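Q: This is the structure, below, for whatever I ask next.
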Amino acid sequence: MRKDGRSPDQLRPVRIERGYLRHAEGSALIDLGETRVICSATLEPGVPRWMMGTGKGWITAEYGMLPRSSKQRITREADRGRTGRTHEIQRLIGRSCRAAVAMEMLGENTILIDCDVLEADGGTRTAAITGACVAMYDAIRTLELREHPMNFLVSAVSVGMVGGRPFLDLAYVEDSAADVDLNVVMAESGTFLEVLGTAERVPYSKEQLDAMLTLARAGCDQLFAAQRKALELPDGP
């Protein structure tokens with residue numbers, strides 16, 4: 001048993017509140033244990049200059065942690081500039097969301113996704129991806145297209161090796177002690193969009209990787225169910 005009473009293969013309680021921000025075209029508040037992230041999706045006409053004339057849309061993302069989202073105050077990045085970690089996470093969120101959408105169906109429109117961490121207890125980037133997918137789905141709905149251009153839902157979860165055992169959905173205390181830290185982004189079909197893994201202390205075997213990916217698949221399936229419930233969609237994929 002873990003410090004919060006979960007078994008190694010157990011996801012933290014997840015709650016997704018759709019339409020959390022009344023002014024955004026799409027928004028969601030996602031709670032994953034004590035990690036809380038607000039995700040919003042803004043729809044704007046036009047695309048970056050290098051995409052003009054292609055007839056395709058574009059999706060990009062920004063990510064940030066509020067000053068008291070952690071135990072120690074975090075200096076606002078507007079004051080100190082974005083860190084390499086922030087740029088990495090923003091690109092990950094953007095790639096994950098773009099992979100799910102048929103860009104030619106968007107037309108030359110841009111979706112701007114903002115993910116702001118209210119409280120951090122591990123898994124902020126994966127929670128941001130899961131919440132961003134819900135916000136993006138609703139933002140695209142406002143285009144009133146004949147067919148929704150999202151080919152599938154996207155969710156993400158962290159897994160890792162802690163004390164020689166594979167654990168699903170690492171809280172901060174586990175993440176900081178993990179031998180291996182893995183972030184997994186999946187399509188609802190069960191295929192992988194990204195697998196980002198690092199051996200923090202000791203290398204890991206193929207058998208351990210397979211065990212972590214199996215846990216990730218089970219965790220993402222639960223997140224897909226939460227997304228569908230929030231979006232009032234029938235069971236999928």
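Chains: A, B, ... in order of the structure tokens. Residues: from 1 per chain. Ligands: from 1, in order shown.
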Please identify the helix (DSSP H, G or I) residues within region 21-225 of chain A (assignment by DSSP from backbone atoms) and present them as a ChimeraX atom specification.

A: /A:49-51,77-80,84-98,103-106,124-141,172-175,206-225

Q: Using only C-alpha atoms, tabulate the residues of region 12-118 of chain A lying at most 10 Å from any atom of region 228-233 of chain A, each with its closest atom pair and that distance in Å to one decimal, by chain and increasing residue number, as JSON lines.

A:
{"residue": "A:Arg15", "atom": "CA", "partner": "A:Ala230", "partner_atom": "CA", "distance": 8.7}
{"residue": "A:Ile16", "atom": "CA", "partner": "A:Ala230", "partner_atom": "CA", "distance": 6.2}
{"residue": "A:Glu17", "atom": "CA", "partner": "A:Ala230", "partner_atom": "CA", "distance": 6.6}
{"residue": "A:Arg18", "atom": "CA", "partner": "A:Ala230", "partner_atom": "CA", "distance": 5.9}
{"residue": "A:Gly19", "atom": "CA", "partner": "A:Ala230", "partner_atom": "CA", "distance": 9.4}
{"residue": "A:Ala28", "atom": "CA", "partner": "A:Ala230", "partner_atom": "CA", "distance": 8.9}

Q: Keeping only N, CA and C atoms, take the residues you just selected and write them out as a short mmCIF file (atom, residue, chain, number, x, y, z; two decimals), in the first residue's frame.

A:
data_model
loop_
_atom_site.label_atom_id
_atom_site.label_comp_id
_atom_site.auth_asym_id
_atom_site.auth_seq_id
_atom_site.Cartn_x
_atom_site.Cartn_y
_atom_site.Cartn_z
N ARG A 15 -11.74 13.84 -11.20
CA ARG A 15 -12.99 14.58 -11.43
C ARG A 15 -12.72 15.64 -12.49
N ILE A 16 -13.59 15.69 -13.49
CA ILE A 16 -13.46 16.69 -14.55
C ILE A 16 -14.74 17.53 -14.58
N GLU A 17 -14.60 18.82 -14.34
CA GLU A 17 -15.73 19.73 -14.39
C GLU A 17 -15.67 20.53 -15.69
N ARG A 18 -16.55 20.21 -16.57
CA ARG A 18 -16.60 20.82 -17.90
C ARG A 18 -17.23 22.22 -17.83
N GLY A 19 -16.77 23.12 -18.70
CA GLY A 19 -17.34 24.47 -18.75
C GLY A 19 -17.05 25.28 -17.50
N ALA A 28 -12.20 23.27 -18.78
CA ALA A 28 -12.40 22.16 -17.85
C ALA A 28 -11.48 22.34 -16.65
#

Q: Do a neighbour search on Ser155 (chain A) at 6 Å with only C-alpha atoms, toss out local chain neighbours closer than 6 positions, and write the hits as a ChimeraX atom specification.

A: /A:130,185-186,220

Q: So, with only C-alpha atoms as the atoms that count, which of A:Gly107, A:Gly190, A:Gly122, A:Gly94 lies closest to Ala178 (chain A)?

A: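 Of A:Gly107, A:Gly190, A:Gly122, A:Gly94, the one nearest Ala178 (chain A) is A:Gly122, counting only C-alpha atoms.
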
Q: Give one line per residue of region 55-162 of chain A that approaches region 3-14 of chain A to at most 12 Å, naming the two atoms of the closest pair and their distance in Å to one decimal, counting only C-alpha atoms; sort by chain then ascending residue number and deliver it as CSV.

A:
residue,atom,partner,partner_atom,distance
A:Asp121,CA,A:Arg12,CA,11.0
A:Gly122,CA,A:Arg12,CA,10.9
A:Gly123,CA,A:Arg12,CA,10.5
A:Ala127,CA,A:Val14,CA,9.5
A:Thr130,CA,A:Val14,CA,10.6
A:Gly131,CA,A:Val14,CA,10.7
A:Ala156,CA,A:Leu11,CA,11.8
A:Val157,CA,A:Leu11,CA,9.0
A:Ser158,CA,A:Leu11,CA,9.8
A:Val159,CA,A:Asp9,CA,9.4
A:Gly160,CA,A:Pro8,CA,10.0
A:Met161,CA,A:Pro8,CA,10.0
A:Val162,CA,A:Pro8,CA,9.5

Q: Could you write those residues out with all heavy atoms, as an mmCIF file, in the first residue's frame?

A:
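That gives us result23.cif:
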data_model
loop_
_atom_site.group_PDB
_atom_site.id
_atom_site.type_symbol
_atom_site.label_atom_id
_atom_site.label_comp_id
_atom_site.auth_asym_id
_atom_site.auth_seq_id
_atom_site.Cartn_x
_atom_site.Cartn_y
_atom_site.Cartn_z
ATOM 1 N N ASP A 121 0.591 18.169 -7.112
ATOM 2 C CA ASP A 121 1.025 17.026 -6.306
ATOM 3 C C ASP A 121 1.404 15.880 -7.239
ATOM 4 O O ASP A 121 0.954 14.747 -7.081
ATOM 5 C CB ASP A 121 -0.083 16.587 -5.337
ATOM 6 C CG ASP A 121 0.398 15.477 -4.413
ATOM 7 O OD1 ASP A 121 1.600 15.478 -4.050
ATOM 8 O OD2 ASP A 121 -0.417 14.601 -4.052
ATOM 9 N N GLY A 122 2.217 16.222 -8.241
ATOM 10 C CA GLY A 122 2.653 15.219 -9.205
ATOM 11 C C GLY A 122 1.663 15.055 -10.342
ATOM 12 O O GLY A 122 0.453 15.216 -10.169
ATOM 13 N N GLY A 123 2.183 14.772 -11.534
ATOM 14 C CA GLY A 123 1.327 14.499 -12.681
ATOM 15 C C GLY A 123 0.636 15.718 -13.260
ATOM 16 O O GLY A 123 -0.414 15.586 -13.890
ATOM 17 N N ALA A 127 -2.167 15.531 -16.294
ATOM 18 C CA ALA A 127 -3.510 16.043 -15.987
ATOM 19 C C ALA A 127 -3.880 17.157 -16.952
ATOM 20 O O ALA A 127 -5.034 17.256 -17.399
ATOM 21 C CB ALA A 127 -3.569 16.536 -14.544
ATOM 22 N N THR A 130 -5.054 15.677 -20.269
ATOM 23 C CA THR A 130 -6.382 15.081 -20.135
ATOM 24 C C THR A 130 -7.467 16.145 -20.071
ATOM 25 O O THR A 130 -8.517 16.029 -20.717
ATOM 26 C CB THR A 130 -6.423 14.180 -18.889
ATOM 27 O OG1 THR A 130 -5.389 13.177 -18.982
ATOM 28 C CG2 THR A 130 -7.767 13.488 -18.752
ATOM 29 N N GLY A 131 -7.229 17.205 -19.302
ATOM 30 C CA GLY A 131 -8.203 18.288 -19.218
ATOM 31 C C GLY A 131 -8.273 19.104 -20.485
ATOM 32 O O GLY A 131 -9.356 19.538 -20.909
ATOM 33 N N ALA A 156 -3.581 11.175 -20.660
ATOM 34 C CA ALA A 156 -2.183 10.917 -20.296
ATOM 35 C C ALA A 156 -2.089 10.609 -18.810
ATOM 36 O O ALA A 156 -2.894 11.094 -18.000
ATOM 37 C CB ALA A 156 -1.311 12.124 -20.639
ATOM 38 N N VAL A 157 -1.088 9.821 -18.459
ATOM 39 C CA VAL A 157 -0.895 9.440 -17.067
ATOM 40 C C VAL A 157 0.585 9.190 -16.816
ATOM 41 O O VAL A 157 1.339 8.864 -17.743
ATOM 42 C CB VAL A 157 -1.734 8.184 -16.730
ATOM 43 C CG1 VAL A 157 -1.136 6.932 -17.372
ATOM 44 C CG2 VAL A 157 -1.907 8.000 -15.236
ATOM 45 N N SER A 158 0.985 9.353 -15.574
ATOM 46 C CA SER A 158 2.365 9.054 -15.198
ATOM 47 C C SER A 158 2.435 7.651 -14.591
ATOM 48 O O SER A 158 1.499 7.192 -13.935
ATOM 49 C CB SER A 158 2.885 10.078 -14.179
ATOM 50 O OG SER A 158 2.162 9.988 -12.963
ATOM 51 N N VAL A 159 3.544 6.975 -14.846
ATOM 52 C CA VAL A 159 3.838 5.700 -14.209
ATOM 53 C C VAL A 159 5.321 5.724 -13.840
ATOM 54 O O VAL A 159 6.085 6.557 -14.324
ATOM 55 C CB VAL A 159 3.543 4.491 -15.127
ATOM 56 C CG1 VAL A 159 2.064 4.262 -15.268
ATOM 57 C CG2 VAL A 159 4.172 4.677 -16.498
ATOM 58 N N GLY A 160 5.728 4.810 -12.990
ATOM 59 C CA GLY A 160 7.131 4.793 -12.616
ATOM 60 C C GLY A 160 7.500 3.553 -11.829
ATOM 61 O O GLY A 160 6.635 2.770 -11.422
ATOM 62 N N MET A 161 8.801 3.371 -11.656
ATOM 63 C CA MET A 161 9.315 2.297 -10.804
ATOM 64 C C MET A 161 9.727 2.915 -9.481
ATOM 65 O O MET A 161 10.584 3.809 -9.432
ATOM 66 C CB MET A 161 10.521 1.626 -11.467
ATOM 67 C CG MET A 161 10.231 0.947 -12.804
ATOM 68 S SD MET A 161 9.069 -0.435 -12.701
ATOM 69 C CE MET A 161 9.971 -1.538 -11.589
ATOM 70 N N VAL A 162 9.090 2.461 -8.416
ATOM 71 C CA VAL A 162 9.384 2.970 -7.073
ATOM 72 C C VAL A 162 9.715 1.774 -6.187
ATOM 73 O O VAL A 162 8.881 0.881 -6.018
ATOM 74 C CB VAL A 162 8.191 3.760 -6.486
ATOM 75 C CG1 VAL A 162 8.565 4.336 -5.119
ATOM 76 C CG2 VAL A 162 7.762 4.875 -7.426
#

Q: I'd like the contact shell of Thr110 (chain A) - 8 Å cut-off, only C-alpha atoms, skipping same-chain residues fewer than 4 positions apart - returned as a list in words.

A: Leu43, Glu44, Pro45, Gly46, Val47, Gly57, Trp58, Ile59 and Thr60 of chain A

Q: Can you write just those residues out, C-alpha atoms, as a short mmCIF file (atom, residue, chain, number, x, y, z; two decimals), in the first residue's frame?

A:
data_model
loop_
_atom_site.label_atom_id
_atom_site.label_comp_id
_atom_site.auth_asym_id
_atom_site.auth_seq_id
_atom_site.Cartn_x
_atom_site.Cartn_y
_atom_site.Cartn_z
CA LEU A 43 -10.82 29.71 -30.78
CA GLU A 44 -9.35 32.46 -32.97
CA PRO A 45 -9.64 33.01 -36.73
CA GLY A 46 -6.42 32.73 -38.72
CA VAL A 47 -3.27 30.63 -38.46
CA GLY A 57 -5.97 24.82 -38.70
CA TRP A 58 -3.44 24.99 -35.89
CA ILE A 59 -3.40 24.09 -32.18
CA THR A 60 -0.89 25.42 -29.67
#

Q: Measuring between only C-alpha atoms, which one of A:Glu25, A:Asp116, A:Asp169, A:Asp221 shows the shortest distance to Asn183 (chain A)?

A: A:Asp169

Q: Report, in Å with one decimal, the straight-line distance from CA of Gly26 (chain A) to CA of Arg82 (chain A).

A: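 According to the coordinates, CA of Gly26 (chain A) and CA of Arg82 (chain A) are separated by 24.9 Å.
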
Q: Separation of CA of Asp138 (chain A) and CA of Met51 (chain A), in Å?

A: 23.6 Å

Q: Quick one: distance from CA of Ala24 (chain A) to CA of Gly219 (chain A) in Å, one decimal?

A: 28.4 Å

Q: Under the rule that only C-alpha atoms are counted, which of A:Arg141, A:Arg36, A:Arg95, A:Arg22 is the nearest residue to Ser69 (chain A)?

A: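 When distances to Ser69 (chain A) are compared using only C-alpha atoms, the smallest one comes from A:Arg36.
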
Q: Choose the residue, out of A:Met52, A:Ala139, A:Leu196, A:Phe167, that has the smallest atom-to-atom separation from Glu88 (chain A); count only C-alpha atoms.

A: A:Leu196

Q: Identify which of the residues A:Gln227, A:Leu112, A:Ala128, A:Cys97 lies closest to Glu194 (chain A), counting only C-alpha atoms when measuring atom-to-atom distances.

A: A:Cys97

Q: Within 6 Å of Ser40 (chain A), counting only C-alpha atoms, which residues qualify if same-chain residues fewer than 6 places away don't, as a count of residues only?

A: 5

Q: Counting only C-alpha atoms, which of A:Met105, A:Leu21, A:Leu29, A:Ile93 gets nearest to Lys56 (chain A)?

A: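 Going through A:Met105, A:Leu21, A:Leu29, A:Ile93 one by one, the smallest distance to Lys56 (chain A) is for A:Met105.
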
Q: Go through region 64-198 of chain A and collect every residue that DSSP, computed from the backbone, puts in strand (DSSP E); the answer should be as a PyMOL selection string.

A: chain A and resi 64-65+109-119+154-162+165-168+180-187+192-198

Q: Hey, what's within 12 Å of Gly163 (chain A) if we count only C-alpha atoms and toss same-chain stuff fewer than 5 positions away? As a PyMOL selection string, please?

A: chain A and resi 2+8+174-180+201-202

Q: I need the residues from that last selection saved to file as an mmCIF file, in the first residue's frame (with all heavy atoms), if you can.

A:
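Writing done, so here's part_34.cif:
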data_model
loop_
_atom_site.group_PDB
_atom_site.id
_atom_site.type_symbol
_atom_site.label_atom_id
_atom_site.label_comp_id
_atom_site.auth_asym_id
_atom_site.auth_seq_id
_atom_site.Cartn_x
_atom_site.Cartn_y
_atom_site.Cartn_z
ATOM 1 N N ARG A 2 0.379 2.297 -0.648
ATOM 2 C CA ARG A 2 1.113 3.550 -0.742
ATOM 3 C C ARG A 2 0.706 4.490 0.390
ATOM 4 O O ARG A 2 -0.221 4.210 1.150
ATOM 5 C CB ARG A 2 0.823 4.165 -2.110
ATOM 6 C CG ARG A 2 1.272 3.247 -3.238
ATOM 7 C CD ARG A 2 0.470 3.396 -4.506
ATOM 8 N NE ARG A 2 0.934 4.495 -5.326
ATOM 9 C CZ ARG A 2 0.527 4.716 -6.563
ATOM 10 N NH1 ARG A 2 -0.361 3.923 -7.138
ATOM 11 N NH2 ARG A 2 0.996 5.742 -7.245
ATOM 12 N N PRO A 8 -0.646 -0.316 -5.967
ATOM 13 C CA PRO A 8 0.263 0.144 -7.028
ATOM 14 C C PRO A 8 -0.413 0.418 -8.365
ATOM 15 O O PRO A 8 0.051 1.254 -9.139
ATOM 16 C CB PRO A 8 1.277 -0.994 -7.139
ATOM 17 C CG PRO A 8 1.284 -1.615 -5.782
ATOM 18 C CD PRO A 8 -0.143 -1.538 -5.319
ATOM 19 N N GLU A 174 6.108 10.202 -4.447
ATOM 20 C CA GLU A 174 6.559 9.022 -5.181
ATOM 21 C C GLU A 174 7.416 9.421 -6.374
ATOM 22 O O GLU A 174 8.444 8.799 -6.646
ATOM 23 C CB GLU A 174 5.344 8.225 -5.655
ATOM 24 C CG GLU A 174 4.500 7.687 -4.513
ATOM 25 C CD GLU A 174 3.138 7.206 -4.964
ATOM 26 O OE1 GLU A 174 2.641 7.670 -6.007
ATOM 27 O OE2 GLU A 174 2.560 6.355 -4.254
ATOM 28 N N ASP A 175 6.996 10.454 -7.070
ATOM 29 C CA ASP A 175 7.743 10.926 -8.234
ATOM 30 C C ASP A 175 9.164 11.329 -7.845
ATOM 31 O O ASP A 175 10.126 11.038 -8.556
ATOM 32 C CB ASP A 175 6.992 12.105 -8.853
ATOM 33 C CG ASP A 175 7.639 12.585 -10.142
ATOM 34 O OD1 ASP A 175 8.083 11.739 -10.935
ATOM 35 O OD2 ASP A 175 7.699 13.801 -10.358
ATOM 36 N N SER A 176 9.299 11.995 -6.700
ATOM 37 C CA SER A 176 10.614 12.459 -6.272
ATOM 38 C C SER A 176 11.520 11.319 -5.826
ATOM 39 O O SER A 176 12.745 11.476 -5.779
ATOM 40 C CB SER A 176 10.458 13.475 -5.131
ATOM 41 O OG SER A 176 9.802 12.894 -4.018
ATOM 42 N N ALA A 177 10.938 10.166 -5.522
ATOM 43 C CA ALA A 177 11.726 9.009 -5.073
ATOM 44 C C ALA A 177 11.814 7.913 -6.127
ATOM 45 O O ALA A 177 12.419 6.867 -5.881
ATOM 46 C CB ALA A 177 11.115 8.433 -3.794
ATOM 47 N N ALA A 178 11.235 8.132 -7.296
ATOM 48 C CA ALA A 178 11.136 7.080 -8.304
ATOM 49 C C ALA A 178 12.491 6.772 -8.940
ATOM 50 O O ALA A 178 13.301 7.670 -9.187
ATOM 51 C CB ALA A 178 10.140 7.487 -9.386
ATOM 52 N N ASP A 179 12.713 5.488 -9.230
ATOM 53 C CA ASP A 179 13.891 5.079 -9.987
ATOM 54 C C ASP A 179 13.693 5.373 -11.472
ATOM 55 O O ASP A 179 14.653 5.650 -12.188
ATOM 56 C CB ASP A 179 14.150 3.581 -9.793
ATOM 57 C CG ASP A 179 14.470 3.234 -8.351
ATOM 58 O OD1 ASP A 179 15.157 4.032 -7.690
ATOM 59 O OD2 ASP A 179 14.017 2.176 -7.879
ATOM 60 N N VAL A 180 12.444 5.280 -11.917
ATOM 61 C CA VAL A 180 12.089 5.542 -13.314
ATOM 62 C C VAL A 180 10.828 6.388 -13.332
ATOM 63 O O VAL A 180 9.882 6.115 -12.585
ATOM 64 C CB VAL A 180 11.835 4.237 -14.101
ATOM 65 C CG1 VAL A 180 11.443 4.547 -15.542
ATOM 66 C CG2 VAL A 180 13.059 3.342 -14.056
ATOM 67 N N ARG A 201 17.537 6.891 -11.514
ATOM 68 C CA ARG A 201 18.593 6.336 -10.659
ATOM 69 C C ARG A 201 19.241 5.089 -11.265
ATOM 70 O O ARG A 201 20.452 4.994 -11.345
ATOM 71 C CB ARG A 201 18.035 6.018 -9.270
ATOM 72 C CG ARG A 201 17.661 7.280 -8.482
ATOM 73 C CD ARG A 201 17.030 6.936 -7.140
ATOM 74 N NE ARG A 201 16.811 8.129 -6.337
ATOM 75 C CZ ARG A 201 15.770 8.945 -6.489
ATOM 76 N NH1 ARG A 201 14.858 8.691 -7.393
ATOM 77 N NH2 ARG A 201 15.637 10.019 -5.717
ATOM 78 N N VAL A 202 18.397 4.123 -11.670
ATOM 79 C CA VAL A 202 18.933 2.881 -12.230
ATOM 80 C C VAL A 202 18.225 2.585 -13.545
ATOM 81 O O VAL A 202 17.056 2.947 -13.723
ATOM 82 C CB VAL A 202 18.745 1.696 -11.264
ATOM 83 C CG1 VAL A 202 19.574 1.906 -9.998
ATOM 84 C CG2 VAL A 202 17.280 1.504 -10.900
#
